[in-house]
>>> print(open('target.cif').read())   # mmCIF, C-alpha atoms
data_entry
#
loop_
_atom_site.label_atom_id
_atom_site.label_comp_id
_atom_site.auth_asym_id
_atom_site.auth_seq_id
_atom_site.Cartn_x
_atom_site.Cartn_y
_atom_site.Cartn_z
CA MET R 12 -265.76 -36.75 -48.09
CA ASP R 13 -265.15 -33.79 -45.80
CA SER R 14 -264.38 -30.20 -46.86
CA ILE R 15 -260.63 -30.59 -46.37
CA GLU R 16 -260.44 -33.69 -48.59
CA ARG R 17 -262.69 -32.17 -51.23
CA LEU R 18 -260.52 -29.07 -51.57
CA LYS R 19 -257.32 -31.16 -51.53
CA ASN R 20 -258.64 -33.20 -54.46
CA ILE R 21 -259.35 -30.04 -56.44
CA PHE R 22 -255.86 -28.64 -55.80
CA ARG R 23 -254.36 -31.96 -56.90
CA GLU R 24 -255.73 -31.28 -60.37
CA PHE R 25 -253.61 -28.12 -60.57
CA PRO R 26 -250.43 -28.42 -62.67
CA THR R 27 -247.27 -29.44 -60.70
CA VAL R 28 -249.33 -30.11 -57.52
CA GLY R 29 -249.05 -33.50 -55.79
CA PRO R 30 -250.95 -34.76 -52.74
CA ARG R 31 -248.45 -33.25 -50.28
CA THR R 32 -248.57 -29.77 -51.81
CA ALA R 33 -252.37 -29.93 -52.12
CA GLY R 34 -252.50 -30.54 -48.37
CA ARG R 35 -250.18 -27.62 -47.68
CA PHE R 36 -252.44 -25.35 -49.75
CA VAL R 37 -255.51 -26.35 -47.71
CA TYR R 38 -253.72 -25.83 -44.38
CA HIS R 39 -252.42 -22.49 -45.63
CA LEU R 40 -256.02 -21.42 -46.31
CA LEU R 41 -257.19 -22.72 -42.94
CA ARG R 42 -254.56 -20.62 -41.22
CA SER R 43 -255.37 -17.56 -43.32
CA PRO R 44 -257.89 -15.00 -42.08
CA SER R 45 -261.40 -15.36 -43.53
CA ALA R 46 -260.88 -12.15 -45.51
CA SER R 47 -258.06 -13.76 -47.54
CA VAL R 48 -260.26 -16.70 -48.49
CA GLU R 49 -263.06 -14.29 -49.42
CA GLU R 50 -260.57 -12.43 -51.60
CA LEU R 51 -259.60 -15.67 -53.34
CA ILE R 52 -263.26 -16.55 -53.95
CA LEU R 53 -263.89 -13.07 -55.38
CA ALA R 54 -260.84 -13.28 -57.63
CA LEU R 55 -262.01 -16.65 -58.96
CA GLN R 56 -265.49 -15.30 -59.64
CA GLN R 57 -264.05 -12.27 -61.44
CA LEU R 58 -261.68 -14.43 -63.46
CA LYS R 59 -264.52 -16.44 -64.92
CA ALA R 60 -266.76 -13.39 -65.35
CA ASN R 61 -264.25 -10.99 -66.91
CA VAL R 62 -261.61 -12.98 -68.72
CA LYS R 63 -262.12 -14.51 -72.14
CA LEU R 64 -259.91 -15.97 -74.83
CA CYS R 65 -258.85 -13.89 -77.83
CA LYS R 66 -260.74 -14.97 -80.97
CA PHE R 67 -257.50 -15.01 -82.94
CA CYS R 68 -254.65 -16.16 -80.70
CA PHE R 69 -256.48 -17.67 -77.65
CA ASN R 70 -254.57 -15.42 -75.25
CA PRO R 71 -256.79 -14.70 -72.21
CA PHE R 72 -257.67 -11.02 -71.71
CA GLU R 73 -260.22 -8.69 -70.13
CA GLY R 74 -262.49 -6.39 -72.06
CA SER R 75 -265.53 -6.29 -74.30
CA GLU R 76 -263.56 -6.68 -77.55
CA LYS R 77 -263.16 -9.90 -79.47
CA LEU R 78 -259.40 -9.60 -79.86
CA CYS R 79 -256.70 -9.22 -77.22
CA LEU R 80 -254.48 -6.14 -76.92
CA ILE R 81 -251.75 -7.72 -79.04
CA CYS R 82 -254.04 -8.77 -81.89
CA ARG R 83 -255.82 -5.37 -81.75
CA ASN R 84 -252.61 -3.38 -81.92
CA PRO R 85 -252.34 -1.79 -85.41
CA ALA R 86 -248.54 -1.53 -84.98
CA ARG R 87 -248.10 -5.31 -84.96
CA ASN R 88 -246.91 -7.02 -88.11
CA LYS R 89 -249.89 -9.05 -89.39
CA ASN R 90 -247.71 -11.06 -91.77
CA LEU R 91 -245.70 -12.67 -89.02
CA LEU R 92 -247.10 -15.49 -86.86
CA CYS R 93 -245.47 -17.09 -83.84
CA ILE R 94 -246.91 -20.43 -82.70
CA VAL R 95 -246.41 -21.21 -79.00
CA GLU R 96 -247.52 -24.05 -76.78
CA LYS R 97 -249.05 -22.07 -73.91
CA GLU R 98 -249.92 -18.67 -72.46
CA ALA R 99 -246.75 -18.43 -70.35
CA ASP R 100 -244.58 -18.94 -73.45
CA LEU R 101 -246.35 -16.02 -75.13
CA LEU R 102 -245.65 -13.83 -72.08
CA SER R 103 -241.97 -14.85 -72.05
CA LEU R 104 -241.49 -14.00 -75.72
CA GLU R 105 -243.50 -10.79 -75.37
CA SER R 106 -241.32 -9.64 -72.48
CA THR R 107 -238.26 -9.69 -74.77
CA LYS R 108 -239.99 -6.87 -76.74
CA LYS R 109 -238.24 -8.24 -79.84
CA PHE R 110 -241.24 -9.77 -81.57
CA SER R 111 -243.76 -7.53 -83.30
CA GLY R 112 -245.97 -10.08 -85.05
CA LEU R 113 -249.01 -12.08 -83.93
CA TYR R 114 -249.19 -15.19 -81.78
CA PHE R 115 -251.16 -18.40 -81.82
CA ILE R 116 -251.46 -20.50 -78.65
CA LEU R 117 -251.58 -24.14 -79.70
CA GLY R 118 -252.78 -25.32 -76.29
CA GLY R 119 -250.36 -28.16 -75.72
CA THR R 120 -247.83 -30.53 -77.23
CA VAL R 121 -248.13 -34.12 -78.36
CA ALA R 122 -245.81 -36.88 -77.20
CA MET R 123 -246.91 -39.27 -79.89
CA MET R 124 -248.92 -38.89 -83.05
CA ARG R 125 -251.99 -40.44 -81.49
CA LYS R 126 -255.33 -38.99 -82.54
CA GLU R 127 -256.42 -38.31 -78.95
CA ASP R 128 -253.25 -36.28 -78.28
CA ILE R 129 -253.60 -34.35 -81.50
CA SER R 130 -257.26 -33.60 -80.82
CA ARG R 131 -256.26 -31.63 -77.74
CA LEU R 132 -254.32 -29.13 -79.87
CA ARG R 133 -256.01 -26.24 -81.66
CA ALA R 134 -255.05 -27.76 -85.01
CA GLU R 135 -258.27 -26.85 -86.86
CA GLU R 136 -258.14 -23.29 -85.58
CA LEU R 137 -254.50 -23.04 -86.64
CA LYS R 138 -255.40 -24.24 -90.15
CA LYS R 139 -258.12 -21.57 -90.37
CA ARG R 140 -255.73 -18.80 -89.29
CA ILE R 141 -253.19 -19.88 -91.90
CA VAL R 142 -255.76 -20.20 -94.70
CA GLN R 143 -257.42 -16.85 -93.88
CA ASN R 144 -254.19 -14.87 -93.52
CA ASN R 145 -251.26 -14.39 -95.75
CA PHE R 146 -248.31 -14.92 -93.43
CA SER R 147 -244.87 -14.36 -94.89
CA GLU R 148 -243.18 -16.11 -91.98
CA ILE R 149 -244.38 -18.53 -89.30
CA ILE R 150 -242.13 -19.10 -86.29
CA VAL R 151 -242.73 -22.50 -84.69
CA ALA R 152 -241.60 -21.51 -81.16
CA LEU R 153 -242.01 -24.78 -79.30
CA ASN R 154 -239.87 -26.25 -76.55
CA SER R 155 -236.61 -27.93 -77.43
CA THR R 156 -237.85 -31.17 -75.84
CA PRO R 157 -238.85 -34.45 -77.50
CA GLU R 158 -242.53 -33.45 -77.17
CA GLY R 159 -241.83 -29.99 -78.54
CA ARG R 160 -239.94 -31.44 -81.50
CA ALA R 161 -242.68 -33.98 -82.29
CA THR R 162 -245.25 -31.19 -82.16
CA SER R 163 -243.11 -29.00 -84.43
CA VAL R 164 -243.19 -31.74 -87.06
CA LEU R 165 -246.97 -31.87 -86.79
CA VAL R 166 -247.33 -28.08 -86.95
CA GLU R 167 -245.10 -27.86 -90.01
CA ALA R 168 -247.25 -30.49 -91.71
CA ILE R 169 -250.37 -28.44 -90.90
CA ILE R 170 -248.76 -25.29 -92.33
CA LYS R 171 -247.75 -27.03 -95.55
CA GLU R 172 -251.17 -28.66 -95.89
CA SER R 173 -252.90 -25.29 -95.52
CA THR R 174 -250.82 -23.24 -97.96
CA LYS R 175 -249.83 -23.47 -101.61
CA ALA R 176 -246.15 -23.73 -102.47
CA PRO R 177 -243.92 -21.85 -101.86
CA GLY R 178 -246.01 -20.83 -98.79
CA PRO R 179 -244.73 -18.94 -95.76
CA LYS R 180 -241.18 -19.25 -94.53
CA ILE R 181 -241.14 -21.64 -91.54
CA THR R 182 -238.56 -20.88 -88.85
CA HIS R 183 -237.66 -22.19 -85.38
CA LEU R 184 -236.01 -20.66 -82.32
CA ALA R 185 -232.21 -20.98 -82.34
CA LYS R 186 -230.66 -23.70 -80.21
CA GLY R 187 -227.33 -23.19 -78.49
CA LEU R 188 -225.58 -22.19 -75.30
CA PRO R 189 -227.90 -20.29 -72.94
CA VAL R 190 -226.61 -16.75 -72.35
CA GLY R 191 -224.37 -16.94 -69.30
CA GLY R 192 -224.02 -20.69 -69.82
CA GLU R 193 -220.64 -22.38 -69.67
CA LEU R 194 -219.37 -24.69 -72.36
CA GLU R 195 -218.03 -27.08 -69.72
CA TYR R 196 -221.51 -27.78 -68.35
CA ALA R 197 -223.45 -27.86 -71.62
CA ASP R 198 -224.70 -31.24 -72.76
CA GLU R 199 -223.50 -32.75 -76.03
CA GLU R 200 -226.66 -32.12 -78.00
CA THR R 201 -226.72 -28.45 -77.01
CA LEU R 202 -223.08 -28.06 -78.01
CA GLU R 203 -223.76 -29.81 -81.31
CA SER R 204 -226.62 -27.37 -81.97
CA ALA R 205 -224.44 -24.44 -80.92
CA LEU R 206 -221.75 -25.54 -83.37
CA GLU R 207 -224.22 -26.12 -86.21
CA GLY R 208 -225.83 -22.73 -85.68
CA ARG R 209 -222.57 -20.78 -85.38
CA LYS R 210 -222.31 -17.50 -87.26
CA MET I 2 -254.78 -4.69 -61.77
CA ASP I 3 -256.76 -7.12 -63.89
CA SER I 4 -258.42 -10.36 -62.77
CA ILE I 5 -255.55 -12.54 -64.00
CA GLU I 6 -252.92 -10.56 -62.09
CA ARG I 7 -255.05 -10.37 -58.97
CA LEU I 8 -255.50 -14.15 -58.85
CA LYS I 9 -251.81 -14.74 -59.64
CA ASN I 10 -250.84 -12.57 -56.67
CA ILE I 11 -253.09 -14.58 -54.36
CA PHE I 12 -251.66 -17.90 -55.56
CA ARG I 13 -248.12 -16.55 -55.02
CA GLU I 14 -248.93 -16.37 -51.30
CA PHE I 15 -249.49 -20.15 -51.29
CA PRO I 16 -246.59 -22.20 -49.86
CA THR I 17 -244.02 -23.42 -52.46
CA VAL I 18 -245.65 -21.31 -55.23
CA GLY I 19 -243.50 -18.87 -57.23
CA PRO I 20 -244.60 -16.43 -59.94
CA ARG I 21 -244.30 -19.05 -62.70
CA THR I 22 -246.41 -21.66 -60.93
CA ALA I 23 -248.97 -19.02 -59.92
CA GLY I 24 -249.38 -18.20 -63.61
CA ARG I 25 -249.80 -21.86 -64.52
CA PHE I 26 -252.55 -22.17 -61.90
CA VAL I 27 -254.45 -19.23 -63.37
CA TYR I 28 -254.15 -20.55 -66.94
CA HIS I 29 -255.22 -23.97 -65.72
CA LEU I 30 -258.39 -22.41 -64.29
CA LEU I 31 -259.00 -20.40 -67.46
CA ARG I 32 -258.85 -23.60 -69.49
CA SER I 33 -261.07 -25.49 -67.06
CA PRO I 34 -264.83 -25.60 -67.60
CA SER I 35 -266.84 -23.10 -65.54
CA ALA I 36 -268.23 -25.97 -63.47
CA SER I 37 -264.74 -26.81 -62.13
CA VAL I 38 -264.18 -23.25 -61.00
CA GLU I 39 -267.63 -23.21 -59.38
CA GLU I 40 -266.68 -26.42 -57.58
CA LEU I 41 -263.48 -24.80 -56.29
CA ILE I 42 -265.40 -21.75 -55.08
CA LEU I 43 -267.91 -24.00 -53.31
CA ALA I 44 -265.15 -26.06 -51.69
CA LEU I 45 -263.48 -22.87 -50.42
CA GLN I 46 -266.77 -21.60 -48.99
CA GLN I 47 -267.41 -24.92 -47.28
CA LEU I 48 -263.89 -25.07 -45.91
CA LYS I 49 -264.31 -21.78 -44.09
CA ALA I 50 -267.88 -22.57 -43.01
CA ASN I 51 -267.37 -26.13 -41.78
CA VAL I 52 -263.80 -26.55 -40.66
CA LYS I 53 -262.50 -25.29 -37.33
CA LEU I 54 -259.41 -25.85 -35.24
CA CYS I 55 -259.44 -28.28 -32.32
CA LYS I 56 -259.47 -26.40 -29.00
CA PHE I 57 -256.73 -28.63 -27.67
CA CYS I 58 -254.34 -29.56 -30.50
CA PHE I 59 -255.26 -27.05 -33.26
CA ASN I 60 -255.84 -29.84 -35.75
CA PRO I 61 -258.51 -28.71 -38.27
CA PHE I 62 -261.68 -30.83 -38.27
CA GLU I 63 -265.39 -30.74 -39.16
CA GLY I 64 -268.18 -31.06 -36.65
CA SER I 65 -270.00 -29.25 -33.88
CA GLU I 66 -267.68 -30.47 -31.11
CA LYS I 67 -264.87 -28.44 -29.56
CA LEU I 68 -262.29 -31.20 -29.85
CA CYS I 69 -261.11 -33.15 -32.90
CA LEU I 70 -261.62 -36.89 -33.35
CA ILE I 71 -258.18 -37.68 -31.90
CA CYS I 72 -258.57 -35.54 -28.78
CA ARG I 73 -262.14 -36.85 -28.29
CA ASN I 74 -261.11 -40.49 -28.54
CA PRO I 75 -261.31 -42.07 -25.04
CA ALA I 76 -258.81 -44.76 -26.12
CA ARG I 77 -255.97 -42.24 -26.58
CA ASN I 78 -253.39 -41.95 -23.85
CA LYS I 79 -253.93 -38.53 -22.24
CA ASN I 80 -250.56 -38.63 -20.46
CA LEU I 81 -248.58 -38.60 -23.67
CA LEU I 82 -248.15 -35.46 -25.77
CA CYS I 83 -246.48 -35.18 -29.18
CA ILE I 84 -245.52 -31.67 -30.33
CA VAL I 85 -245.37 -31.21 -34.11
CA GLU I 86 -244.73 -28.23 -36.33
CA LYS I 87 -247.69 -28.51 -38.69
CA GLU I 88 -250.88 -30.37 -39.65
CA ALA I 89 -249.16 -32.55 -42.27
CA ASP I 90 -246.66 -33.80 -39.67
CA LEU I 91 -249.54 -34.88 -37.44
CA LEU I 92 -251.08 -36.78 -40.36
CA SER I 93 -247.75 -38.48 -41.15
CA LEU I 94 -247.26 -39.65 -37.57
CA GLU I 95 -250.92 -40.67 -37.27
CA SER I 96 -250.68 -42.80 -40.41
CA THR I 97 -247.98 -44.95 -38.74
CA LYS I 98 -250.72 -46.01 -36.24
CA LYS I 99 -247.94 -46.35 -33.66
CA PHE I 100 -248.74 -43.31 -31.53
CA SER I 101 -251.69 -43.41 -29.18
CA GLY I 102 -251.26 -40.12 -27.28
CA LEU I 103 -252.35 -36.55 -28.00
CA TYR I 104 -250.83 -34.00 -30.35
CA PHE I 105 -250.12 -30.30 -30.23
CA ILE I 106 -249.55 -28.34 -33.45
CA LEU I 107 -247.01 -25.63 -32.76
CA GLY I 108 -247.79 -23.75 -35.96
CA GLY I 109 -244.25 -23.24 -37.22
CA THR I 110 -240.56 -23.25 -36.43
CA VAL I 111 -238.15 -20.46 -35.60
CA ALA I 112 -234.87 -19.91 -37.41
CA MET I 113 -233.55 -17.54 -34.80
CA MET I 114 -234.64 -16.64 -31.32
CA ARG I 115 -236.15 -13.36 -32.43
CA LYS I 116 -239.31 -12.25 -30.66
CA GLU I 117 -241.26 -11.85 -33.90
CA ASP I 118 -240.45 -15.43 -34.95
CA ILE I 119 -241.34 -16.81 -31.55
CA SER I 120 -244.60 -14.86 -31.46
CA ARG I 121 -245.82 -16.84 -34.49
CA LEU I 122 -245.65 -20.10 -32.52
CA ARG I 123 -248.44 -21.21 -30.20
CA ALA I 124 -246.10 -20.93 -27.24
CA GLU I 125 -248.65 -19.56 -24.76
CA GLU I 126 -251.17 -22.23 -25.72
CA LEU I 127 -248.50 -24.90 -25.32
CA LYS I 128 -247.66 -23.60 -21.83
CA LYS I 129 -251.35 -23.78 -20.89
CA ARG I 130 -251.70 -27.37 -22.12
CA ILE I 131 -248.64 -28.42 -20.14
CA VAL I 132 -249.72 -26.62 -16.96
CA GLN I 133 -253.30 -27.96 -17.16
CA ASN I 134 -252.38 -31.56 -17.92
CA ASN I 135 -250.13 -34.02 -16.23
CA PHE I 136 -248.09 -35.45 -19.08
CA SER I 137 -245.72 -38.25 -18.24
CA GLU I 138 -243.90 -37.89 -21.57
CA ILE I 139 -243.68 -35.15 -24.16
CA ILE I 140 -242.27 -36.07 -27.59
CA VAL I 141 -240.75 -33.04 -29.34
CA ALA I 142 -241.28 -34.33 -32.91
CA LEU I 143 -239.78 -31.51 -34.95
CA ASN I 144 -237.77 -31.70 -38.17
CA SER I 145 -234.13 -32.68 -38.05
CA THR I 146 -233.19 -29.35 -39.67
CA PRO I 147 -231.42 -26.33 -38.15
CA GLU I 148 -234.81 -24.61 -37.70
CA GLY I 149 -236.32 -27.72 -36.20
CA ARG I 150 -233.43 -28.08 -33.76
CA ALA I 151 -233.55 -24.42 -32.72
CA THR I 152 -237.29 -24.76 -32.14
CA SER I 153 -236.76 -27.94 -30.11
CA VAL I 154 -234.48 -26.01 -27.76
CA LEU I 155 -237.16 -23.37 -27.35
CA VAL I 156 -239.92 -25.95 -26.79
CA GLU I 157 -237.85 -27.78 -24.19
CA ALA I 158 -237.33 -24.48 -22.35
CA ILE I 159 -241.10 -23.88 -22.39
CA ILE I 160 -241.76 -27.37 -21.01
CA LYS I 161 -239.23 -26.94 -18.20
CA GLU I 162 -240.56 -23.47 -17.38
CA SER I 163 -244.13 -24.80 -17.15
CA THR I 164 -243.49 -27.84 -14.95
CA LYS I 165 -241.90 -28.55 -11.59
CA ALA I 166 -238.89 -30.88 -11.46
CA PRO I 167 -238.66 -33.72 -12.30
CA GLY I 168 -241.45 -32.91 -14.81
CA PRO I 169 -242.39 -34.99 -17.84
CA LYS I 170 -239.86 -37.06 -19.71
CA ILE I 171 -238.83 -35.14 -22.84
CA THR I 172 -238.01 -37.27 -25.90
CA HIS I 173 -237.17 -36.70 -29.56
CA LEU I 174 -237.59 -38.76 -32.72
CA ALA I 175 -234.64 -41.06 -33.42
CA LYS I 176 -232.13 -39.93 -36.03
CA GLY I 177 -230.39 -42.44 -38.28
CA LEU I 178 -230.40 -44.20 -41.61
CA PRO I 179 -233.79 -43.92 -43.34
CA VAL I 180 -235.31 -47.38 -43.82
CA GLY I 181 -234.13 -48.60 -47.23
CA GLY I 182 -231.31 -46.06 -47.11
CA GLU I 183 -227.77 -47.09 -48.00
CA LEU I 184 -224.79 -46.37 -45.79
CA GLU I 185 -222.74 -45.35 -48.82
CA TYR I 186 -225.03 -42.43 -49.61
CA ALA I 187 -225.78 -41.26 -46.07
CA ASP I 188 -224.21 -37.95 -45.03
CA GLU I 189 -221.72 -37.81 -42.17
CA GLU I 190 -224.06 -36.26 -39.63
CA THR I 191 -226.74 -38.88 -40.29
CA LEU I 192 -224.18 -41.67 -39.90
CA GLU I 193 -222.87 -40.12 -36.70
CA SER I 194 -226.43 -40.02 -35.34
CA ALA I 195 -227.04 -43.60 -36.50
CA LEU I 196 -223.90 -44.73 -34.67
CA GLU I 197 -224.74 -42.81 -31.50
CA GLY I 198 -228.28 -44.18 -31.44
CA ARG I 199 -227.27 -47.80 -32.11
CA LYS I 200 -228.87 -50.48 -30.02
#
>>> encode(input="target.cif", output="structure tokens")
Amino acid sequence: MDSIERLKNIFREFPTVGPRTAGRFVYHLLRSPSASVEELILALQQLKANVKLCKFCFNPFEGSEKLCLICRNPARNKNLLCIVEKEADLLSLESTKKFSGLYFILGGTVAMMRKEDISRLRAEELKKRIVQNNFSEIIVALNSTPEGRATSVLVEAIIKESTKAPGPKITHLAKGLPVGGELEYADEETLESALEGRK
Amino acid sequence: MDSIERLKNIFREFPTVGPRTAGRFVYHLLRSPSASVEELILALQQLKANVKLCKFCFNPFEGSEKLCLICRNPARNKNLLCIVEKEADLLSLESTKKFSGLYFILGGTVAMMRKEDISRLRAEELKKRIVQNNFSEIIVALNSTPEGRATSVLVEAIIKESTKAPGPKITHLAKGLPVGGELEYADEETLESALEGRK
């Protein structure tokens, strides 16, 4: 296999990248000056050398500490946990500046309750966090998709299994019309949720 | 700027990649084992070390020769030139196995006839190829988009400028219904072209 094919195959493993896009990436790099490719190589080396996962929430960060900036921040509410699927979801919620608790990155969702799907989640680590902390509320902030809903069921079961009744309050993100969204174009299920959640 | 941000910014320069996808790429690499990232670094180093552009058509290839496999092939028809925008277009045409001439990769298209847009094309190199060779036909195989059409006009002007009348025959790819396409769903312009090109 030549260098072009080898690199294409690696890019095809990237999320959202198909064979066509992988090819475009390689040609983009071939057209780029050598200095840009050197920069990319350096950035990759630094990423692996400097970035590690937070021992509590699994958020990637740089530094010699064990915990990320959020988990280290004494101003955060240690009784409040927000469970998200992935790093980008944490960043999205954090950018609202409306959540002051801690996060836990689950690492994925499950489509079906198969053992191999479930084993990819950080279920054991989640259990530990719940057992070792005394959360008053746990927000299960997963996508409003079939996979997200299936995973929510699983996560709720883990929470209940790991705590004695009454246990922490379990909440979910509200469902309804997106801000700026028009009623006319909303699907039925969204409207149903918007009606149910009215206040 | 930390390692995560630095790598995100580099990925954002990749074609079709926005800030969200750039983030997903970085998190994908953070989740990958170190060996995968090492493999990517190695592939990038090899790409720059081993791959060069063909001195005639600008197609990237590996080897110690000056010309790529296509340009070196004595069975190819040296009187026939096909001008394409980019490497992937060359590969698409080549995979039809119906073209036996030479290619020339223009390196882009121009939206408007501004000097800075035109300067990004390999216009001078194209002129040289046309002057130094005696092509009987030149296929201007650019996209059927506004940019592609504007660039075709420019390319045709370059061909005429570089040859004495009558010069090579200038042709374009046929426009019409895509194979498997249904009349009902074809847009008006496509149908018009399909009608005009009927035979």
>>> interface_residues(input="target.cif", of="chain R", to="chain I", cutoff="8 Å", atoms="only C-alpha atoms", output="PyMOL selection string")
chain R and resi 13-15+17-18+21+25-27+32+34-36+38-39+41+45+48+51-52+54-59+61-62+71+73+98-99
>>> resolve_selection(input="target.cif", expression="the PyMOL selection byres ((chain R and resi 80-93) around 9)", output="list in words")
Cys65, Phe67, Cys68, Phe72, Glu76, Lys77, Leu78, Cys79, Ile94, Val95, Leu101, Phe110, Ser111, Gly112, Leu113, Tyr114, Phe115, Ile116, Asn144, Asn145, Phe146, Ser147, Glu148, Ile149, Ile150, Val151 and Ala152 of chain R
>>> closest_residue(input="target.cif", among="I:Thr191, I:Thr152, I:Ser163, I:Thr172", to="Ile119 (chain I)", atoms="all atoms listed in the file")
I:Thr152
>>> atom_distance(input="target.cif", atom1="CA of Pro189 (chain R)", atom2="CA of Met123 (chain R)")
27.7 Å
>>> atom_distance(input="target.cif", atom1="CA of Leu143 (chain I)", atom2="CA of Arg13 (chain I)")
26.4 Å
>>> atom_distance(input="target.cif", atom1="CA of Thr120 (chain R)", atom2="CA of Gly159 (chain R)")
6.2 Å
>>> residues_around(input="target.cif", residues="Lys171 (chain R)", least_positions_apart="3", cutoff="12 Å", atoms="all atoms listed in the file", output="PyMOL selection string")
chain R and resi 137-138+141-142+149+164-168+174-181
>>> build_atoms(input="target.cif", residues="region 119-130 of chain R", atoms="N, CA and C atoms", output="short mmCIF file (atom, residue, chain, number, x, y, z; two decimals), in the frame of the given file")
data_model
loop_
_atom_site.label_atom_id
_atom_site.label_comp_id
_atom_site.auth_asym_id
_atom_site.auth_seq_id
_atom_site.Cartn_x
_atom_site.Cartn_y
_atom_site.Cartn_z
N GLY R 119 -250.98 -26.94 -76.23
CA GLY R 119 -250.36 -28.16 -75.72
C GLY R 119 -249.31 -28.69 -76.69
N THR R 120 -248.76 -29.84 -76.33
CA THR R 120 -247.83 -30.53 -77.23
C THR R 120 -248.30 -31.98 -77.31
N VAL R 121 -247.78 -32.70 -78.27
CA VAL R 121 -248.13 -34.12 -78.36
C VAL R 121 -246.86 -34.95 -78.20
N ALA R 122 -246.97 -36.00 -77.40
CA ALA R 122 -245.81 -36.88 -77.20
C ALA R 122 -245.73 -37.86 -78.36
N MET R 123 -246.87 -38.37 -78.76
CA MET R 123 -246.91 -39.27 -79.89
C MET R 123 -248.00 -38.84 -80.83
N MET R 124 -247.97 -39.35 -82.04
CA MET R 124 -248.92 -38.89 -83.05
C MET R 124 -250.25 -39.64 -82.93
N ARG R 125 -250.70 -39.80 -81.68
CA ARG R 125 -251.99 -40.44 -81.49
C ARG R 125 -253.12 -39.44 -81.70
N LYS R 126 -254.23 -39.90 -82.22
CA LYS R 126 -255.33 -38.99 -82.54
C LYS R 126 -255.83 -38.25 -81.30
N GLU R 127 -255.88 -38.95 -80.15
CA GLU R 127 -256.42 -38.31 -78.95
C GLU R 127 -255.50 -37.19 -78.44
N ASP R 128 -254.18 -37.35 -78.66
CA ASP R 128 -253.25 -36.28 -78.28
C ASP R 128 -253.44 -35.09 -79.21
N ILE R 129 -253.51 -35.41 -80.50
CA ILE R 129 -253.60 -34.35 -81.50
C ILE R 129 -254.91 -33.58 -81.35
N SER R 130 -255.97 -34.26 -80.93
CA SER R 130 -257.26 -33.60 -80.82
C SER R 130 -257.28 -32.55 -79.72
#
